[in-house]
>>> print(open('run.cif').read())   # mmCIF, C-alpha atoms
data_final
loop_
_atom_site.label_atom_id
_atom_site.label_comp_id
_atom_site.auth_asym_id
_atom_site.auth_seq_id
_atom_site.Cartn_x
_atom_site.Cartn_y
_atom_site.Cartn_z
CA MET B 1 -23.12 11.62 -15.73
CA GLU B 2 -20.94 13.50 -13.31
CA ASN B 3 -18.40 11.10 -11.77
CA LEU B 4 -19.36 8.26 -14.13
CA TRP B 5 -17.70 7.41 -17.45
CA GLN B 6 -17.41 4.64 -20.00
CA VAL B 7 -13.68 4.33 -20.69
CA GLY B 8 -13.47 1.04 -22.58
CA GLY B 9 -15.36 -1.12 -25.03
CA GLY B 10 -15.98 -1.21 -28.75
CA GLY B 11 -15.18 2.17 -30.32
CA LEU B 12 -13.19 3.27 -27.27
CA THR B 13 -10.53 0.58 -26.92
CA ASP B 14 -10.41 -2.81 -28.67
CA PRO B 15 -13.33 -4.40 -30.56
CA ALA B 16 -12.94 -7.50 -28.37
CA ASP B 17 -13.49 -5.49 -25.18
CA ALA B 18 -16.68 -5.51 -23.22
CA ALA B 19 -17.56 -2.12 -21.76
CA VAL B 20 -15.35 -0.74 -19.01
CA TYR B 21 -16.93 1.77 -16.65
CA LEU B 22 -15.26 4.20 -14.26
CA ILE B 23 -16.93 5.62 -11.16
CA ARG B 24 -15.52 8.30 -8.89
CA PHE B 25 -16.22 9.12 -5.23
CA GLY B 26 -14.24 12.23 -4.37
CA GLU B 27 -10.53 11.40 -4.55
CA LYS B 28 -11.14 7.66 -4.89
CA ALA B 29 -12.46 5.66 -7.84
CA ALA B 30 -13.21 2.17 -9.10
CA LEU B 31 -13.22 0.47 -12.49
CA VAL B 32 -15.88 -2.04 -13.45
CA ASP B 33 -14.17 -4.67 -15.62
CA ALA B 34 -10.95 -4.35 -17.60
CA GLY B 35 -11.58 -5.43 -21.17
CA SER B 36 -9.40 -7.99 -22.94
CA GLY B 37 -6.12 -6.15 -22.38
CA GLN B 38 -5.48 -5.81 -26.10
CA ALA B 39 -5.68 -2.00 -26.03
CA HIS B 40 -4.36 -1.17 -22.57
CA SER B 41 -2.66 2.06 -23.65
CA ARG B 42 -5.96 3.44 -24.95
CA LEU B 43 -7.78 2.36 -21.80
CA LYS B 44 -5.14 4.07 -19.65
CA LYS B 45 -5.43 7.26 -21.71
CA ASN B 46 -9.22 7.33 -21.33
CA ILE B 47 -9.01 6.77 -17.57
CA VAL B 48 -6.40 9.48 -17.01
CA GLU B 49 -8.27 11.98 -19.17
CA SER B 50 -11.46 11.32 -17.20
CA LEU B 51 -10.04 11.35 -13.67
CA GLY B 52 -7.04 13.61 -13.81
CA PRO B 53 -3.76 12.76 -12.08
CA SER B 54 -4.78 13.06 -8.42
CA VAL B 55 -7.52 10.44 -8.10
CA GLN B 56 -6.63 6.97 -6.80
CA ILE B 57 -8.30 3.89 -8.30
CA ASP B 58 -8.87 1.64 -5.28
CA TYR B 59 -10.64 -1.31 -6.89
CA LEU B 60 -11.05 -3.16 -10.15
CA LEU B 61 -14.50 -4.69 -9.79
CA LEU B 62 -14.82 -7.75 -12.03
CA THR B 63 -18.35 -8.75 -12.91
CA HIS B 64 -17.38 -12.27 -13.99
CA CYS B 65 -14.47 -14.31 -15.27
CA HIS B 66 -14.84 -14.02 -19.05
CA PHE B 67 -11.84 -12.86 -21.06
CA ASP B 68 -13.46 -9.82 -22.69
CA HIS B 69 -13.97 -8.45 -19.15
CA THR B 70 -10.83 -9.75 -17.40
CA GLY B 71 -7.99 -10.18 -19.89
CA GLY B 72 -6.70 -6.69 -19.08
CA ALA B 73 -6.98 -7.01 -15.29
CA GLU B 74 -3.32 -7.61 -14.52
CA ALA B 75 -2.23 -4.66 -16.66
CA VAL B 76 -4.75 -2.42 -14.88
CA ARG B 77 -3.54 -3.53 -11.46
CA ASN B 78 0.09 -2.97 -12.44
CA GLU B 79 -0.72 0.46 -13.88
CA PHE B 80 -2.91 1.86 -11.10
CA GLY B 81 -2.10 -0.20 -8.01
CA CYS B 82 -5.72 -1.20 -7.44
CA ARG B 83 -7.05 -4.36 -5.83
CA ILE B 84 -8.91 -6.86 -8.00
CA VAL B 85 -12.32 -7.99 -6.76
CA ALA B 86 -14.27 -11.04 -8.00
CA HIS B 87 -16.70 -13.56 -6.60
CA GLU B 88 -14.99 -16.66 -5.26
CA LEU B 89 -17.01 -18.91 -7.59
CA ASP B 90 -15.41 -17.27 -10.64
CA ALA B 91 -12.06 -16.45 -8.99
CA VAL B 92 -11.11 -20.13 -9.09
CA TYR B 93 -11.10 -20.10 -12.92
CA LEU B 94 -9.17 -16.84 -13.10
CA GLU B 95 -6.52 -17.99 -10.67
CA ARG B 96 -6.24 -21.30 -12.50
CA GLY B 97 -5.89 -19.58 -15.88
CA ASP B 98 -8.72 -21.66 -17.32
CA SER B 99 -8.98 -20.51 -20.93
CA GLU B 100 -12.10 -22.60 -21.60
CA VAL B 101 -14.41 -21.54 -18.76
CA THR B 102 -13.21 -17.93 -19.10
CA ALA B 103 -13.86 -18.05 -22.89
CA ALA B 104 -10.34 -16.84 -23.66
CA ALA B 105 -10.14 -19.64 -26.22
CA TRP B 106 -13.15 -18.12 -28.01
CA TYR B 107 -10.95 -15.10 -28.71
CA GLY B 108 -7.95 -17.15 -29.82
CA ALA B 109 -6.20 -16.15 -26.59
CA ARG B 110 -4.80 -17.73 -23.45
CA LEU B 111 -5.69 -16.41 -20.02
CA GLU B 112 -2.68 -16.16 -17.74
CA PRO B 113 -3.42 -17.10 -14.10
CA LEU B 114 -4.73 -14.01 -12.32
CA THR B 115 -4.49 -13.55 -8.56
CA ILE B 116 -7.68 -12.12 -7.06
CA ASP B 117 -7.07 -9.79 -4.11
CA ILE B 118 -10.61 -9.77 -2.70
CA LYS B 119 -12.88 -12.78 -3.15
CA LEU B 120 -16.53 -12.00 -2.62
CA GLN B 121 -18.59 -14.61 -0.82
CA GLY B 122 -22.30 -15.25 -0.51
CA GLU B 123 -25.11 -13.19 -1.95
CA GLU B 124 -24.16 -9.61 -1.08
CA SER B 125 -21.10 -7.57 -0.12
CA THR B 126 -20.44 -3.85 0.30
CA LEU B 127 -17.25 -1.96 -0.53
CA THR B 128 -16.49 1.54 0.71
CA ILE B 129 -14.76 3.74 -1.88
CA GLY B 130 -13.89 7.22 -0.67
CA GLY B 131 -17.13 8.76 0.48
CA GLY B 132 -19.31 6.27 -1.41
CA LYS B 133 -20.37 2.66 -1.29
CA VAL B 134 -20.72 -0.02 -3.96
CA THR B 135 -22.80 -3.14 -3.36
CA ALA B 136 -21.93 -6.43 -5.05
CA LEU B 137 -24.83 -8.82 -5.67
CA HIS B 138 -24.23 -12.40 -6.74
CA TRP B 139 -26.40 -13.27 -9.74
CA PRO B 140 -25.31 -16.66 -11.08
CA GLY B 141 -26.34 -18.06 -14.44
CA HIS B 142 -24.14 -16.64 -17.16
CA SER B 143 -21.20 -17.86 -15.09
CA PRO B 144 -21.13 -19.46 -11.62
CA GLY B 145 -19.81 -16.32 -9.94
CA SER B 146 -21.38 -13.53 -11.98
CA VAL B 147 -21.85 -10.32 -10.00
CA VAL B 148 -23.66 -7.05 -10.56
CA TYR B 149 -22.65 -3.88 -8.76
CA THR B 150 -24.96 -1.10 -7.63
CA THR B 151 -24.34 2.37 -6.26
CA CYS B 152 -26.24 5.60 -5.73
CA LEU B 153 -25.20 8.75 -7.56
CA GLY B 154 -27.35 11.59 -6.36
CA ASP B 155 -30.88 10.21 -6.35
CA LYS B 156 -30.14 7.58 -9.03
CA LEU B 157 -29.63 3.87 -8.40
CA VAL B 158 -26.99 2.81 -10.91
CA LEU B 159 -26.75 -0.85 -11.93
CA PHE B 160 -23.54 -2.18 -13.48
CA GLY B 161 -25.05 -5.30 -15.03
CA GLN B 162 -22.56 -6.73 -17.49
CA ASP B 163 -23.75 -9.52 -19.83
CA ILE B 164 -27.35 -9.50 -18.69
CA HIS B 165 -28.04 -10.86 -22.17
CA GLY B 166 -25.96 -14.02 -21.58
CA PRO B 167 -25.08 -16.14 -23.47
CA ILE B 168 -25.93 -19.36 -21.68
CA HIS B 169 -23.45 -22.00 -22.82
CA PRO B 170 -22.29 -25.27 -21.25
CA ALA B 171 -18.60 -24.51 -21.90
CA LEU B 172 -19.00 -21.46 -19.65
CA LEU B 173 -20.66 -23.55 -16.91
CA SER B 174 -23.81 -21.49 -17.43
CA ASP B 175 -27.04 -22.45 -15.69
CA GLU B 176 -30.32 -21.49 -17.35
CA GLU B 177 -32.46 -21.93 -14.24
CA LYS B 178 -30.18 -19.78 -12.09
CA TYR B 179 -29.93 -17.22 -14.91
CA GLN B 180 -33.70 -16.81 -15.09
CA ALA B 181 -33.92 -16.43 -11.31
CA SER B 182 -31.14 -13.84 -11.42
CA LEU B 183 -32.94 -11.82 -14.09
CA ARG B 184 -36.01 -11.62 -11.87
CA LYS B 185 -33.78 -10.44 -9.01
CA LEU B 186 -32.44 -7.64 -11.23
CA ILE B 187 -35.94 -6.52 -12.24
CA ALA B 188 -36.81 -6.20 -8.55
CA LEU B 189 -33.93 -3.76 -7.98
CA ASP B 190 -35.88 -1.15 -9.99
CA ALA B 191 -32.65 0.59 -11.03
CA ASP B 192 -32.73 4.06 -12.58
CA LEU B 193 -29.78 3.43 -14.89
CA LEU B 194 -28.29 0.24 -16.37
CA LEU B 195 -24.74 0.07 -17.68
CA GLU B 196 -24.47 -3.18 -19.68
CA GLY B 197 -21.40 -4.87 -21.09
CA HIS B 198 -22.31 -5.07 -24.77
CA PHE B 199 -25.58 -3.16 -25.25
CA GLY B 200 -24.60 0.19 -23.75
CA VAL B 201 -26.43 2.44 -21.33
CA PHE B 202 -30.13 2.35 -20.53
CA GLY B 203 -30.98 5.75 -19.12
CA ASN B 204 -34.21 5.31 -17.16
CA LYS B 205 -36.25 2.79 -15.19
CA GLU B 206 -38.49 1.84 -18.10
CA GLN B 207 -35.63 1.16 -20.53
CA THR B 208 -33.77 -0.81 -17.87
CA ARG B 209 -36.79 -2.90 -16.96
CA ASP B 210 -37.71 -3.60 -20.58
CA PHE B 211 -34.19 -4.72 -21.49
CA ILE B 212 -33.94 -7.16 -18.57
CA GLN B 213 -37.49 -8.38 -19.16
CA SER B 214 -36.70 -9.20 -22.78
CA PHE B 215 -34.51 -12.14 -21.63
CA ILE B 216 -37.00 -13.59 -19.13
CA LYS B 217 -38.85 -16.66 -20.34
#
>>> encode(input="run.cif", output="structure tokens")
Amino acid sequence: MENLWQVGGGGLTDPADAAVYLIRFGEKAALVDAGSGQAHSRLKKNIVESLGPSVQIDYLLLTHCHFDHTGGAEAVRNEFGCRIVAHELDAVYLERGDSEVTAAAWYGARLEPLTIDIKLQGEESTLTIGGGKVTALHWPGHSPGSVVYTTCLGDKLVLFGQDIHGPIHPALLSDEEKYQASLRKLIALDADLLLEGHFGVFGNKEQTRDFIQSFIK
């Protein structure tokens, strides 16, 4: 779509990377997640080719604390001067450098402590980016502080819903009951477009609803 790109993930950067999405509002932009950091030069190239040299990335919007989404966050901040955003319930594990809860150990890696610039609190927050707005919605389950982000592009409600599929695992402090409640919350959004972390893009309401529904018990 115009002003919306996938710039990272399998086939674009490193195989260990979850999807990285880039959204632009005029001369300002935001990244959703940062991948593992193991192919930062490729991620940078994809971002610059998409945006051009004059657009400022204001925020790196982390959906949750897991390494395949956050391992590259410090490199992105250093490269583009953006502020890192995460929910406070996951920020504690990032700032502690907890390689177990963040699943870095699953990748044979170690997560260095990561300072979070903006810690989201509660159920809902809104960020202004240029002439647009992005809403952060807390949806715990996969991790304690998992977040989805929504925005409107034209007449489309876009849902950045990374790791809707889970997994639910005790080492990640997952919670099955909260996860199921969160899935029902996402269905109710009735989004036009879903950008997921590992399963790609779902391009209409029906595809989005069916994908989320497939994980509801």
>>> closest_residue(input="run.cif", among="B:Glu112, B:Pro170, B:Val92, B:Ile23", to="Met1 in chain B", atoms="all atoms listed in the file")
B:Ile23
>>> residues_around(input="run.cif", residues="Ala29 in chain B", least_positions_apart="6", cutoff="7 Å", atoms="all atoms listed in the file", output="list in words")
Ile23, Val55, Gln56, Ile57, Asp58 and Ile129 of chain B
>>> residues_around(input="run.cif", residues="Gln6 in chain B", least_positions_apart="6", cutoff="10 Å", atoms="all atoms listed in the file", output="list in words")
Leu12, Ala19, Val20, Tyr21, Leu22, Ile23, Leu31, Val32, Asn46, Ile47, Ser50, Leu195, Gly200 and Val201 of chain B
>>> residues_around(input="run.cif", residues="range 95-108 of chain B", least_positions_apart="4", cutoff="10 Å", atoms="only C-alpha atoms", output="PyMOL selection string")
chain B and resi 16+36+64-71+90-91+112-116+143+169-174
>>> residues_around(input="run.cif", residues="Leu159 in chain B", least_positions_apart="5", cutoff="8 Å", atoms="only C-alpha atoms", output="PyMOL selection string")
chain B and resi 148-151+191-195
>>> residues_around(input="run.cif", residues="Ala181 in chain B", least_positions_apart="5", cutoff="10 Å", atoms="all atoms listed in the file", output="PyMOL selection string")
chain B and resi 139-141+176+186+216
>>> closest_residue(input="run.cif", among="B:His198, B:Lys205, B:Arg42, B:Lys178", to="Gln162 in chain B", atoms="all atoms listed in the file")
B:His198
>>> atom_distance(input="run.cif", atom1="CA of Thr128 in chain B", atom2="CA of Glu27 in chain B")
12.7 Å
>>> atom_distance(input="run.cif", atom1="CA of Leu60 in chain B", atom2="CA of Asp33 in chain B")
6.5 Å
>>> resolve_selection(input="run.cif", expression="the PyMOL selection byres ((chain B and resi 127) around 12)", output="list of chain:residue names")
B:Ala29, B:Ala30, B:Asp58, B:Tyr59, B:Leu60, B:Leu61, B:Arg83, B:Val85, B:Ile118, B:Lys119, B:Leu120, B:Glu124, B:Ser125, B:Thr126, B:Thr128, B:Ile129, B:Gly130, B:Gly131, B:Gly132, B:Lys133, B:Val134, B:Thr135, B:Ala136, B:Leu137, B:Tyr149, B:Thr150, B:Thr151
>>> atom_distance(input="run.cif", atom1="CA of Gly72 in chain B", atom2="CA of Gly35 in chain B")
5.5 Å
>>> decode(input="run.cif", residues="range 67-181 of chain B", atoms="C-alpha atoms", output="CSV table (one decimal), in the first residue's frame")
chain,number,residue,atom,x,y,z
B,67,PHE,CA,14.2,-11.5,20.5
B,68,ASP,CA,13.1,-12.1,16.9
B,69,HIS,CA,11.2,-8.7,17.2
B,70,THR,CA,13.6,-6.8,19.5
B,71,GLY,CA,17.2,-8.0,19.0
B,72,GLY,CA,17.8,-5.3,16.5
B,73,ALA,CA,16.2,-2.4,18.4
B,74,GLU,CA,19.4,-0.8,19.7
B,75,ALA,CA,20.9,-0.8,16.2
B,76,VAL,CA,17.8,0.8,14.8
B,77,ARG,CA,17.7,3.5,17.4
B,78,ASN,CA,21.4,4.3,16.9
B,79,GLU,CA,20.9,4.4,13.1
B,80,PHE,CA,17.8,6.5,12.9
B,81,GLY,CA,17.6,8.4,16.2
B,82,CYS,CA,14.1,7.1,17.0
B,83,ARG,CA,12.5,6.5,20.4
B,84,ILE,CA,11.7,2.9,21.4
B,85,VAL,CA,8.2,2.1,22.6
B,86,ALA,CA,7.1,-1.0,24.5
B,87,HIS,CA,4.5,-1.8,27.1
B,88,GLU,CA,5.8,-1.6,30.6
B,89,LEU,CA,4.9,-5.2,31.4
B,90,ASP,CA,7.4,-6.4,28.7
B,91,ALA,CA,9.9,-3.5,29.1
B,92,VAL,CA,11.1,-4.9,32.4
B,93,TYR,CA,12.5,-8.0,30.6
B,94,LEU,CA,14.1,-5.9,27.9
B,95,GLU,CA,15.7,-3.5,30.3
B,96,ARG,CA,16.9,-6.5,32.4
B,97,GLY,CA,18.3,-8.3,29.4
B,98,ASP,CA,16.4,-11.4,30.3
B,99,SER,CA,17.4,-13.9,27.6
B,100,GLU,CA,14.9,-16.5,28.8
B,101,VAL,CA,11.6,-14.6,28.9
B,102,THR,CA,12.6,-12.8,25.7
B,103,ALA,CA,13.4,-16.1,24.0
B,104,ALA,CA,16.9,-15.0,23.0
B,105,ALA,CA,18.2,-18.3,24.3
B,106,TRP,CA,15.9,-20.1,21.9
B,107,TYR,CA,18.0,-18.5,19.1
B,108,GLY,CA,21.3,-19.3,20.7
B,109,ALA,CA,21.7,-15.5,21.5
B,110,ARG,CA,22.0,-13.2,24.5
B,111,LEU,CA,19.8,-10.1,24.8
B,112,GLU,CA,21.8,-7.1,25.9
B,113,PRO,CA,19.8,-4.8,28.3
B,114,LEU,CA,17.7,-2.4,26.2
B,115,THR,CA,16.5,0.9,27.5
B,116,ILE,CA,12.9,1.7,26.6
B,117,ASP,CA,12.2,5.4,25.9
B,118,ILE,CA,8.4,5.3,26.2
B,119,LYS,CA,6.7,2.7,28.4
B,120,LEU,CA,3.1,2.2,27.5
B,121,GLN,CA,0.7,1.7,30.4
B,122,GLY,CA,-2.8,0.3,30.8
B,123,GLU,CA,-5.1,-0.9,28.0
B,124,GLU,CA,-4.8,1.8,25.3
B,125,SER,CA,-2.4,4.6,24.3
B,126,THR,CA,-2.2,6.9,21.2
B,127,LEU,CA,0.9,8.2,19.5
B,128,THR,CA,0.9,11.1,17.1
B,129,ILE,CA,3.3,10.6,14.1
B,130,GLY,CA,3.4,13.5,11.7
B,131,GLY,CA,-0.2,14.0,10.5
B,132,GLY,CA,-1.3,10.6,11.6
B,133,LYS,CA,-2.1,8.6,14.8
B,134,VAL,CA,-1.2,5.1,15.9
B,135,THR,CA,-3.1,3.4,18.7
B,136,ALA,CA,-1.5,0.8,20.9
B,137,LEU,CA,-3.8,-1.8,22.5
B,138,HIS,CA,-2.5,-4.1,25.2
B,139,TRP,CA,-3.4,-7.7,24.4
B,140,PRO,CA,-1.6,-10.0,26.9
B,141,GLY,CA,-1.3,-13.7,26.5
B,142,HIS,CA,1.7,-14.5,24.3
B,143,SER,CA,3.7,-12.3,26.6
B,144,PRO,CA,2.6,-10.2,29.6
B,145,GLY,CA,3.0,-6.9,27.7
B,146,SER,CA,2.1,-7.9,24.1
B,147,VAL,CA,0.7,-5.0,22.1
B,148,VAL,CA,-1.0,-4.6,18.8
B,149,TYR,CA,-1.0,-1.3,16.9
B,150,THR,CA,-3.7,0.1,14.7
B,151,THR,CA,-3.9,3.0,12.3
B,152,CYS,CA,-6.1,4.3,9.5
B,153,LEU,CA,-4.7,4.6,6.0
B,154,GLY,CA,-7.3,6.1,3.8
B,155,ASP,CA,-10.5,4.2,4.6
B,156,LYS,CA,-8.7,1.1,5.8
B,157,LEU,CA,-8.2,0.1,9.5
B,158,VAL,CA,-4.7,-1.5,9.6
B,159,LEU,CA,-3.8,-3.9,12.4
B,160,PHE,CA,-0.2,-4.7,13.2
B,161,GLY,CA,-0.8,-7.9,15.1
B,162,GLN,CA,2.5,-9.7,15.5
B,163,ASP,CA,2.5,-13.3,16.8
B,164,ILE,CA,-1.3,-13.6,16.9
B,165,HIS,CA,-0.6,-17.3,16.5
B,166,GLY,CA,1.4,-17.5,19.7
B,167,PRO,CA,3.1,-19.7,20.9
B,168,ILE,CA,1.8,-20.1,24.4
B,169,HIS,CA,4.8,-21.3,26.5
B,170,PRO,CA,5.5,-21.1,30.3
B,171,ALA,CA,9.1,-20.0,29.7
B,172,LEU,CA,7.7,-16.9,28.0
B,173,LEU,CA,5.3,-16.2,30.9
B,174,SER,CA,2.4,-16.8,28.5
B,175,ASP,CA,-1.1,-17.0,29.8
B,176,GLU,CA,-3.7,-19.1,27.8
B,177,GLU,CA,-6.7,-17.5,29.4
B,178,LYS,CA,-5.6,-14.0,28.7
B,179,TYR,CA,-4.5,-15.0,25.2
B,180,GLN,CA,-8.0,-16.3,24.3
B,181,ALA,CA,-9.6,-13.1,25.7
